[in-house]
>>> print(open('final.cif').read())   # mmCIF, C-alpha atoms and all ligand atoms
data_upload
loop_
_atom_site.group_PDB
_atom_site.id
_atom_site.type_symbol
_atom_site.label_atom_id
_atom_site.label_comp_id
_atom_site.auth_asym_id
_atom_site.auth_seq_id
_atom_site.Cartn_x
_atom_site.Cartn_y
_atom_site.Cartn_z
ATOM 1 C CA MET A 1 0.000 0.000 0.000
ATOM 2 C CA ASP A 2 1.982 3.010 1.231
ATOM 3 C CA ALA A 3 5.730 2.869 1.332
ATOM 4 C CA MET A 4 5.956 5.965 3.529
ATOM 5 C CA PRO A 5 6.174 5.165 7.242
ATOM 6 C CA VAL A 6 3.655 6.728 9.610
ATOM 7 C CA PRO A 7 5.158 10.028 10.806
ATOM 8 C CA PRO A 8 5.415 10.186 14.594
ATOM 9 C CA TRP A 9 3.262 13.315 14.881
ATOM 10 C CA LEU A 10 0.276 12.053 12.901
ATOM 11 C CA GLU A 11 -1.458 10.131 15.662
ATOM 12 C CA LYS A 12 -1.057 13.024 18.100
ATOM 13 C CA LEU A 13 -2.340 15.520 15.564
ATOM 14 C CA LEU A 14 -5.462 13.429 15.012
ATOM 15 C CA ALA A 15 -6.068 13.104 18.749
ATOM 16 C CA THR A 16 -5.672 16.822 19.422
ATOM 17 C CA ALA A 17 -8.728 18.910 20.285
ATOM 18 C CA PHE A 18 -8.819 22.131 18.270
ATOM 19 C CA PHE A 19 -10.775 25.384 18.572
ATOM 20 C CA THR A 20 -10.573 25.699 22.312
ATOM 21 C CA VAL A 21 -9.714 29.128 23.727
ATOM 22 C CA CYS A 22 -6.028 29.634 24.469
ATOM 23 C CA ARG A 23 -5.228 29.654 28.170
ATOM 24 C CA SER A 24 -2.573 32.334 27.778
ATOM 25 C CA HIS A 25 -4.307 34.573 25.261
ATOM 26 C CA GLY A 26 -7.987 34.178 26.088
ATOM 27 C CA ALA A 27 -8.569 37.929 26.084
ATOM 28 C CA ALA A 28 -7.211 38.437 22.580
ATOM 29 C CA ALA A 29 -9.408 38.577 19.495
ATOM 30 C CA ARG A 30 -8.056 35.525 17.682
ATOM 31 C CA SER A 31 -7.250 33.250 20.577
ATOM 32 C CA GLU A 32 -8.781 30.028 19.323
ATOM 33 C CA CYS A 33 -6.322 27.140 19.253
ATOM 34 C CA ASN A 34 -6.256 26.093 15.632
ATOM 35 C CA MET A 35 -2.550 25.475 15.085
ATOM 36 C CA TYR A 36 -0.477 22.360 15.464
ATOM 37 C CA CYS A 37 3.327 22.112 15.528
ATOM 38 C CA LEU A 38 4.852 19.115 13.775
ATOM 39 C CA ASP A 39 8.249 19.771 15.333
ATOM 40 C CA CYS A 40 7.083 19.952 18.944
ATOM 41 C CA SER A 41 4.508 17.206 18.296
ATOM 42 C CA VAL A 42 2.651 17.391 21.584
ATOM 43 C CA ASP A 43 -1.069 16.759 22.006
ATOM 44 C CA ASP A 44 -1.764 20.426 22.284
ATOM 45 C CA ALA A 45 -3.176 22.970 19.897
ATOM 46 C CA PHE A 46 -2.237 26.628 20.195
ATOM 47 C CA CYS A 47 -3.265 30.034 18.930
ATOM 48 C CA LEU A 48 -1.812 32.576 16.533
ATOM 49 C CA TYR A 49 -0.009 34.431 19.321
ATOM 50 C CA CYS A 50 1.522 31.245 20.735
ATOM 51 C CA ARG A 51 2.753 30.469 17.276
ATOM 52 C CA SER A 52 4.683 33.677 16.904
ATOM 53 C CA SER A 53 6.134 33.452 20.391
ATOM 54 C CA LYS A 54 6.934 29.729 20.744
ATOM 55 C CA HIS A 55 6.901 28.086 17.319
ATOM 56 C CA ARG A 56 8.343 30.783 15.103
ATOM 57 C CA ASP A 57 10.645 28.582 13.042
ATOM 58 C CA HIS A 58 8.709 25.346 13.372
ATOM 59 C CA ARG A 59 6.573 23.473 10.887
ATOM 60 C CA VAL A 60 3.074 24.513 11.901
ATOM 61 C CA ILE A 61 -0.164 23.551 10.212
ATOM 62 C CA GLN A 62 -3.428 25.389 10.575
ATOM 63 C CA ILE A 63 -6.621 23.463 11.214
ATOM 64 C CA ARG A 64 -9.904 24.828 9.852
ATOM 65 C CA ARG A 65 -13.489 23.908 10.503
ATOM 66 C CA SER A 66 -16.177 22.661 8.214
ATOM 67 C CA SER A 67 -19.576 21.961 9.797
ATOM 68 C CA TYR A 68 -17.914 21.343 13.176
ATOM 69 C CA HIS A 69 -15.325 18.969 11.745
ATOM 70 C CA ASP A 70 -11.603 19.601 11.624
ATOM 71 C CA VAL A 71 -10.119 19.938 8.172
ATOM 72 C CA VAL A 72 -6.712 20.886 6.865
ATOM 73 C CA ARG A 73 -5.814 22.453 3.559
ATOM 74 C CA VAL A 74 -4.306 20.051 1.070
ATOM 75 C CA SER A 75 -1.700 22.657 0.122
ATOM 76 C CA GLU A 76 -0.411 22.631 3.713
ATOM 77 C CA ILE A 77 -0.601 18.966 4.618
ATOM 78 C CA GLN A 78 0.744 17.509 1.388
ATOM 79 C CA LYS A 79 4.111 19.146 2.029
ATOM 80 C CA VAL A 80 4.600 17.005 5.101
ATOM 81 C CA LEU A 81 2.488 13.911 4.548
ATOM 82 C CA ASP A 82 1.661 11.494 1.767
ATOM 83 C CA ILE A 83 -2.086 11.979 1.430
ATOM 84 C CA THR A 84 -2.550 9.536 -1.428
ATOM 85 C CA GLY A 85 -5.895 7.802 -1.221
ATOM 86 C CA VAL A 86 -7.621 10.331 1.021
ATOM 87 C CA GLN A 87 -10.769 11.985 -0.315
ATOM 88 C CA THR A 88 -10.374 15.741 -0.706
ATOM 89 C CA TYR A 89 -13.186 18.290 -0.856
ATOM 90 C CA VAL A 90 -13.422 21.863 -2.038
ATOM 91 C CA ILE A 91 -14.794 23.932 0.823
ATOM 92 C CA ASN A 92 -14.806 27.739 0.683
ATOM 93 C CA SER A 93 -12.857 27.505 -2.552
ATOM 94 C CA ALA A 94 -9.943 25.678 -0.917
ATOM 95 C CA ARG A 95 -9.165 21.999 -1.302
ATOM 96 C CA VAL A 96 -9.207 20.346 2.111
ATOM 97 C CA LEU A 97 -9.321 16.946 3.722
ATOM 98 C CA PHE A 98 -10.862 15.816 6.973
ATOM 99 C CA LEU A 99 -8.636 14.938 9.891
ATOM 100 C CA ASN A 100 -10.887 12.307 11.356
ATOM 101 C CA GLU A 101 -13.682 9.946 10.568
ATOM 102 C CA ARG A 102 -17.132 11.515 10.920
ATOM 103 C CA PRO A 103 -20.270 9.820 12.156
ATOM 104 C CA LEU A 104 -21.977 8.045 9.289
ATOM 105 C CA PRO A 105 -25.263 9.424 7.985
ATOM 106 C CA LYS A 106 -28.146 7.191 9.044
ATOM 107 C CA PHE A 107 -29.594 6.749 5.590
ATOM 108 C CA GLY A 108 -26.902 6.534 3.006
ATOM 109 C CA LYS A 109 -27.691 5.959 -0.606
ATOM 110 C CA THR A 110 -25.860 3.232 -2.421
ATOM 111 C CA VAL A 111 -22.637 4.577 -3.843
ATOM 112 C CA SER A 112 -19.760 3.083 -5.699
ATOM 113 C CA HIS A 113 -16.916 4.553 -3.637
ATOM 114 C CA VAL A 114 -16.661 3.955 0.104
ATOM 115 C CA CYS A 115 -13.953 4.448 2.713
ATOM 116 C CA GLU A 116 -12.044 1.194 3.230
ATOM 117 C CA ILE A 117 -12.040 1.681 6.976
ATOM 118 C CA CYS A 118 -15.331 3.239 8.071
ATOM 119 C CA GLY A 119 -17.548 2.687 5.049
ATOM 120 C CA ARG A 120 -18.430 6.352 4.521
ATOM 121 C CA SER A 121 -19.460 7.102 0.980
ATOM 122 C CA LEU A 122 -16.903 9.056 -1.011
ATOM 123 C CA LEU A 123 -17.410 11.416 -3.917
ATOM 124 C CA ASP A 124 -14.488 10.135 -5.932
ATOM 125 C CA PRO A 125 -12.583 6.866 -6.221
ATOM 126 C CA PHE A 126 -10.442 7.458 -3.122
ATOM 127 C CA ARG A 127 -9.664 4.865 -0.468
ATOM 128 C CA PHE A 128 -10.116 6.815 2.753
ATOM 129 C CA CYS A 129 -12.541 9.476 3.972
ATOM 130 C CA SER A 130 -10.022 11.148 6.281
ATOM 131 C CA LEU A 131 -6.464 11.135 7.585
ATOM 132 C CA GLY A 132 -7.688 9.134 10.580
ATOM 133 C CA CYS A 133 -8.929 6.296 8.394
ATOM 134 C CA LYS A 134 -5.740 6.419 6.363
ATOM 135 C CA LEU A 135 -3.712 6.103 9.569
ATOM 136 C CA VAL A 136 -5.706 2.966 10.469
ATOM 137 C CA GLY A 137 -4.984 1.655 6.985
ATOM 138 C CA MET A 138 -1.275 2.430 7.265
ATOM 139 C CA ARG A 139 -1.066 0.743 10.655
ATOM 140 C CA ARG A 140 -2.798 -2.361 9.309
ATOM 141 C CA ASN A 141 -0.421 -2.381 6.408
ATOM 142 C CA GLU A 142 2.569 -2.172 8.754
ATOM 143 C CA GLU A 143 1.195 -5.051 10.832
ATOM 144 C CA VAL A 144 0.728 -7.193 7.751
ATOM 145 C CA LYS A 145 4.270 -6.391 6.627
ATOM 146 C CA GLU A 146 5.656 -7.266 10.049
ATOM 147 C CA ARG A 147 3.749 -10.527 10.097
ATOM 148 C CA ARG A 148 5.015 -11.310 6.614
ATOM 149 C CA LEU A 149 8.594 -10.584 7.722
ATOM 150 C CA ILE A 150 8.271 -12.884 10.714
ATOM 151 C CA LEU A 151 6.746 -15.578 8.537
ATOM 152 C CA SER A 152 9.362 -15.288 5.839
ATOM 153 C CA SER A 153 12.243 -15.410 8.317
ATOM 154 C CA LYS A 154 10.687 -18.516 9.871
ATOM 155 C CA GLU A 155 10.277 -20.067 6.459
ATOM 156 C CA GLU A 156 13.845 -19.221 5.609
ATOM 157 C CA GLU A 157 15.054 -20.909 8.763
ATOM 158 C CA GLU A 158 13.058 -24.005 8.014
ATOM 159 C CA LEU A 159 14.347 -24.062 4.476
ATOM 160 C CA ARG A 160 17.914 -23.661 5.670
ATOM 161 C CA GLU A 161 17.514 -26.484 8.157
ATOM 162 C CA ALA A 162 15.947 -28.663 5.518
ATOM 163 C CA SER A 163 18.707 -27.983 3.027
ATOM 164 C CA GLN A 164 21.399 -28.684 5.606
ATOM 165 C CA GLN A 165 19.754 -31.993 6.292
ATOM 166 C CA ASP A 166 19.792 -32.679 2.577
ATOM 167 C CA ILE A 167 23.450 -31.886 2.253
ATOM 168 C CA TYR A 168 24.602 -33.757 5.322
ATOM 169 C CA PRO A 169 22.116 -36.549 5.752
ATOM 170 C CA ARG A 170 24.364 -39.005 7.567
ATOM 171 C CA THR A 171 26.600 -36.951 9.728
ATOM 172 C CA PRO A 172 24.970 -36.450 13.075
ATOM 173 C CA PRO A 173 27.186 -33.747 14.571
ATOM 174 C CA SER A 174 28.543 -34.645 17.940
ATOM 175 C CA ARG A 175 27.772 -31.570 19.968
ATOM 176 C CA SER A 176 30.198 -32.156 22.792
ATOM 177 C CA ARG A 177 33.155 -32.682 20.520
ATOM 178 C CA ARG A 178 32.243 -29.549 18.556
ATOM 179 C CA ARG A 179 31.990 -27.419 21.615
ATOM 180 C CA LYS A 180 35.455 -28.451 22.757
ATOM 181 C CA GLY A 181 36.822 -27.453 19.372
ATOM 182 C CA ILE A 182 35.754 -23.823 19.724
ATOM 183 C CA PRO A 183 38.801 -21.802 20.791
ATOM 184 C CA GLN A 184 38.239 -19.747 23.876
ATOM 185 C CA ARG A 185 39.048 -16.098 23.637
ATOM 186 C CA ALA A 186 42.007 -15.174 25.750
ATOM 187 C CA PRO A 187 41.280 -12.614 28.436
ATOM 188 C CA PHE A 188 42.983 -9.255 28.143
HETATM 189 ZN ZN ZN A 201 -2.024 31.369 22.753
HETATM 190 ZN ZN ZN A 202 6.831 24.005 17.863
HETATM 191 ZN ZN ZN A 203 -13.354 6.524 6.814
#
>>> encode(input="final.cif", output="structure tokens")
Amino acid sequence: MDAMPVPPWLEKLLATAFFTVCRSHGAAARSECNMYCLDCSVDDAFCLYCRSSKHRDHRVIQIRRSSYHDVVRVSEIQKVLDITGVQTYVINSARVLFLNERPLPKFGKTVSHVCEICGRSLLDPFRFCSLGCKLVGMRRNEEVKERRLILSSKEEEELREASQQDIYPRTPPSRSRRRKGIPQRAPF
């Protein structure tokens, strides 16, 4: 599926609550916490003023809202993340994608494209409705790869053992004699 490994900040970004009022700048006009820093990568959103004071030279992405759901502009997120397979939408004349899975509508019509993870209907032939569902997909993919690695190394071992038995069918190695033959390393 995706060759790119899951970046360490992605899970935290998706678990972060946005659009709360900043604790330090609550009195200011634009104090809603809609920024996330990829370099600090903590589960904490911050506001415009925090950005200029604490994250000046960091990679920061801005989260926006669409009908109470968190979205991010494609132009911002694609610089730092492979978003292949995630459905994008044009909202307020900007192309965005949803951070997380949204509750499914109760009565969905039959559609040809659905999210592989949550089953939400998609407008276009994409694989995931949101970054959250893509993360689940990436994790599954990593697990499968790991399992395959374990399996193949086991298989390899079995094959090696089998081939050794083929090559030396009648020489049962005497373990004790062999062990004596190993030279002991001299102490310093
Ligand atoms: Zn702030
Ligand atoms: Zn930062
Ligand atoms: Zn989904």
>>> residues_near_ligand(input="final.cif", ligand="ligand ZN 203 (chain A)", cutoff="7 Å", atoms="only C-alpha atoms and all ligand atoms", output="tab-separated table (two decimals) with C-alpha atoms, in the coordinates of the input")
chain	number	residue	atom	x	y	z
A	101	GLU	CA	-13.68	9.95	10.57
A	115	CYS	CA	-13.95	4.45	2.71
A	116	GLU	CA	-12.04	1.19	3.23
A	117	ILE	CA	-12.04	1.68	6.98
A	118	CYS	CA	-15.33	3.24	8.07
A	119	GLY	CA	-17.55	2.69	5.05
A	120	ARG	CA	-18.43	6.35	4.52
A	128	PHE	CA	-10.12	6.82	2.75
A	129	CYS	CA	-12.54	9.48	3.97
A	130	SER	CA	-10.02	11.15	6.28
A	133	CYS	CA	-8.93	6.30	8.39
>>> atom_distance(input="final.cif", atom1="CA of Glu158 in chain A", atom2="CA of Glu142 in chain A")
24.2 Å
>>> residues_near_ligand(input="final.cif", ligand="ligand ZN 202 (chain A)", cutoff="12 Å", atoms="all atoms listed in the file", output="PyMOL selection string")
chain A and resi 9+35-47+50-61
>>> resolve_selection(input="final.cif", expression="the PyMOL selection byres (((not hetatm)) within 8 of (chain A and resi 201))", output="PyMOL selection string")
chain A and resi 22-26+31-33+46-51
>>> closest_residue(input="final.cif", among="A:Leu104, A:Ala15, A:Leu131, A:Met138", to="Thr88 in chain A", atoms="all atoms listed in the file")
A:Leu131
>>> resolve_selection(input="final.cif", expression="the PyMOL selection byres (((chain A and resi 84) around 9) and not hetatm)", output="PyMOL selection string")
chain A and resi 2+81-83+85-87+126-127+134
>>> atom_distance(input="final.cif", atom1="CA of Ala17 in chain A", atom2="CA of Asp124 in chain A")
28.2 Å
>>> atom_distance(input="final.cif", atom1="CA of His113 in chain A", atom2="CA of Val136 in chain A")
18.1 Å
>>> resolve_selection(input="final.cif", expression="the PyMOL selection byres (((chain A and resi 6) around 8) and not hetatm)", output="list in words")
Met4, Pro5, Pro7, Pro8, Leu10, Leu135, Met138 and Arg139 of chain A
>>> write_last_selection(input="final.cif", atoms="C-alpha atoms", output="compact mmCIF listing (two decimals), in the coordinates of the input")
# COMPACT_ATOMS: atom_id res chain seq x y z
CA MET A 4 5.96 5.96 3.53
CA PRO A 5 6.17 5.16 7.24
CA PRO A 7 5.16 10.03 10.81
CA PRO A 8 5.42 10.19 14.59
CA LEU A 10 0.28 12.05 12.90
CA LEU A 135 -3.71 6.10 9.57
CA MET A 138 -1.27 2.43 7.26
CA ARG A 139 -1.07 0.74 10.66
>>> axis_aligned_box(input="final.cif", around="range 40-53 of chain A", padding_each_side="3 Å", output="lines of an AutoDock Vina configuration file")
center_x = 1.9
center_y = 25.6
center_z = 19.4
size_x = 16.3
size_y = 23.7
size_z = 11.8
>>> closest_residue(input="final.cif", among="A:Val90, A:Val74, A:Ala162, A:Leu151", to="Leu123 in chain A", atoms="only C-alpha atoms")
A:Val90
>>> closest_residue(input="final.cif", among="A:Lys145, A:Lys12, A:His69, A:Lys154", to="Pro103 in chain A", atoms="only C-alpha atoms")
A:His69
